[in-house]
Amino acid sequence: MSDPKNPKHYAKKRESIRATQWTGAMTPDATELLGERKFSIDGSIHQLVLGNGWYARVGDWIVSSPGEDLTVIGDDVFRKIYEEADETGRLM
């Protein structure tokens, strides 16, 4: 039992995610991350259209986290939140 006068401190564990930055073209990383999902590419502006109102512009990150479908995050926000890690989740 913990001492109420000296509470313990906890930090949220980091979850490992898979992500790739959209470059405007289908790269092997983007192909692998998208898998069997339906998408289209608006070639005039190099925008990836994922459906349901989701799209990625050049420079945006396509993110797949455990238990969720894909999410698109802008580069500036992505770099504030995430750090590169290896397959086991250890920071690079």
# chains A, B, ... in the order shown; residues from 1 in each chain; ligands from 1
>>> select_by_dssp(residues="chain A", states="alpha helix (DSSP H)", output="list in words")
Pro28, Asp29, Ala30, Thr31, Glu32, Leu33, Leu34, Asp75, Asp76, Val77, Phe78, Arg79, Lys80 and Ile81 of chain A
>>> residues_around(residues="Ala30 of chain A", least_positions_apart="2", cutoff="12 Å", atoms="only C-alpha atoms", output="PyMOL selection string")
chain A and resi 18-28+32-37+39+48+56+60-64+70
>>> residues_around(residues="Ser16 of chain A", least_positions_apart="6", cutoff="9 Å", atoms="only C-alpha atoms", output="ChimeraX atom specification")
/A:65-66,85-90
>>> atom_distance(atom1="atom CA of Leu91 of chain A", atom2="atom CA of Tyr55 of chain A")
28.3 Å
>>> select_by_dssp(residues="chain A", states="strand (DSSP E)", output="PyMOL selection string")
chain A and resi 18-21+40-42+47-51+54-56+61-64+70-73
>>> residues_around(residues="Asp76 of chain A", least_positions_apart="3", cutoff="10 Å", atoms="only C-alpha atoms", output="PyMOL selection string")
chain A and resi 59-61+73+79-81
>>> write_last_selection(atoms="all heavy atoms", output="mmCIF file, in the first residue's frame")
data_model
loop_
_atom_site.group_PDB
_atom_site.id
_atom_site.type_symbol
_atom_site.label_atom_id
_atom_site.label_comp_id
_atom_site.auth_asym_id
_atom_site.auth_seq_id
_atom_site.Cartn_x
_atom_site.Cartn_y
_atom_site.Cartn_z
ATOM 1 N N GLY A 59 4.017 15.829 -47.360
ATOM 2 C CA GLY A 59 4.627 16.207 -46.090
ATOM 3 C C GLY A 59 3.867 15.706 -44.880
ATOM 4 O O GLY A 59 4.413 15.634 -43.788
ATOM 5 N N ASP A 60 2.571 15.368 -45.045
ATOM 6 C CA ASP A 60 1.794 14.823 -43.934
ATOM 7 C C ASP A 60 2.242 13.394 -43.626
ATOM 8 O O ASP A 60 2.808 12.711 -44.470
ATOM 9 C CB ASP A 60 0.300 14.785 -44.278
ATOM 10 C CG ASP A 60 -0.358 16.157 -44.270
ATOM 11 O OD1 ASP A 60 0.259 17.123 -43.785
ATOM 12 O OD2 ASP A 60 -1.501 16.251 -44.755
ATOM 13 N N TRP A 61 1.954 12.962 -42.408
ATOM 14 C CA TRP A 61 2.295 11.613 -41.964
ATOM 15 C C TRP A 61 1.039 10.761 -41.898
ATOM 16 O O TRP A 61 0.019 11.193 -41.373
ATOM 17 C CB TRP A 61 2.955 11.647 -40.588
ATOM 18 C CG TRP A 61 4.333 12.185 -40.637
ATOM 19 C CD1 TRP A 61 4.711 13.494 -40.627
ATOM 20 C CD2 TRP A 61 5.537 11.439 -40.730
ATOM 21 N NE1 TRP A 61 6.070 13.599 -40.700
ATOM 22 C CE2 TRP A 61 6.607 12.347 -40.763
ATOM 23 C CE3 TRP A 61 5.809 10.070 -40.781
ATOM 24 C CZ2 TRP A 61 7.924 11.944 -40.845
ATOM 25 C CZ3 TRP A 61 7.139 9.668 -40.861
ATOM 26 C CH2 TRP A 61 8.174 10.599 -40.890
ATOM 27 N N ILE A 73 -1.553 13.088 -39.835
ATOM 28 C CA ILE A 73 -1.067 14.133 -38.939
ATOM 29 C C ILE A 73 -0.096 15.015 -39.717
ATOM 30 O O ILE A 73 0.790 14.509 -40.410
ATOM 31 C CB ILE A 73 -0.340 13.529 -37.717
ATOM 32 C CG1 ILE A 73 -1.266 12.594 -36.949
ATOM 33 C CG2 ILE A 73 0.191 14.626 -36.807
ATOM 34 C CD1 ILE A 73 -0.585 11.847 -35.821
ATOM 35 N N ARG A 79 6.142 15.667 -35.532
ATOM 36 C CA ARG A 79 7.505 15.750 -34.982
ATOM 37 C C ARG A 79 7.531 16.207 -33.529
ATOM 38 O O ARG A 79 8.474 15.908 -32.805
ATOM 39 C CB ARG A 79 8.372 16.621 -35.863
ATOM 40 C CG ARG A 79 8.609 15.968 -37.217
ATOM 41 C CD ARG A 79 9.554 16.773 -38.083
ATOM 42 N NE ARG A 79 9.638 16.232 -39.416
ATOM 43 C CZ ARG A 79 10.415 15.222 -39.784
ATOM 44 N NH1 ARG A 79 11.166 14.620 -38.898
ATOM 45 N NH2 ARG A 79 10.439 14.793 -41.028
ATOM 46 N N LYS A 80 6.487 16.908 -33.076
ATOM 47 C CA LYS A 80 6.404 17.298 -31.671
ATOM 48 C C LYS A 80 6.011 16.117 -30.791
ATOM 49 O O LYS A 80 6.406 16.035 -29.635
ATOM 50 C CB LYS A 80 5.371 18.414 -31.489
ATOM 51 C CG LYS A 80 5.826 19.753 -31.980
ATOM 52 C CD LYS A 80 4.733 20.787 -31.776
ATOM 53 C CE LYS A 80 5.139 22.105 -32.394
ATOM 54 N NZ LYS A 80 4.064 23.115 -32.290
ATOM 55 N N ILE A 81 5.211 15.204 -31.344
ATOM 56 C CA ILE A 81 4.656 14.098 -30.558
ATOM 57 C C ILE A 81 5.504 12.839 -30.605
ATOM 58 O O ILE A 81 5.666 12.157 -29.604
ATOM 59 C CB ILE A 81 3.232 13.762 -31.056
ATOM 60 C CG1 ILE A 81 2.313 14.972 -30.869
ATOM 61 C CG2 ILE A 81 2.671 12.562 -30.322
ATOM 62 C CD1 ILE A 81 0.947 14.786 -31.496
#
>>> atom_distance(atom1="atom CA of Val49 of chain A", atom2="atom CA of Asp29 of chain A")
16.6 Å
>>> closest_residue(among="A:Ile17, A:Val77, A:Val72, A:Met92", to="Gly51 of chain A", atoms="only C-alpha atoms")
A:Val72
>>> atom_distance(atom1="atom CA of Asn52 of chain A", atom2="atom CA of Glu15 of chain A")
25.4 Å
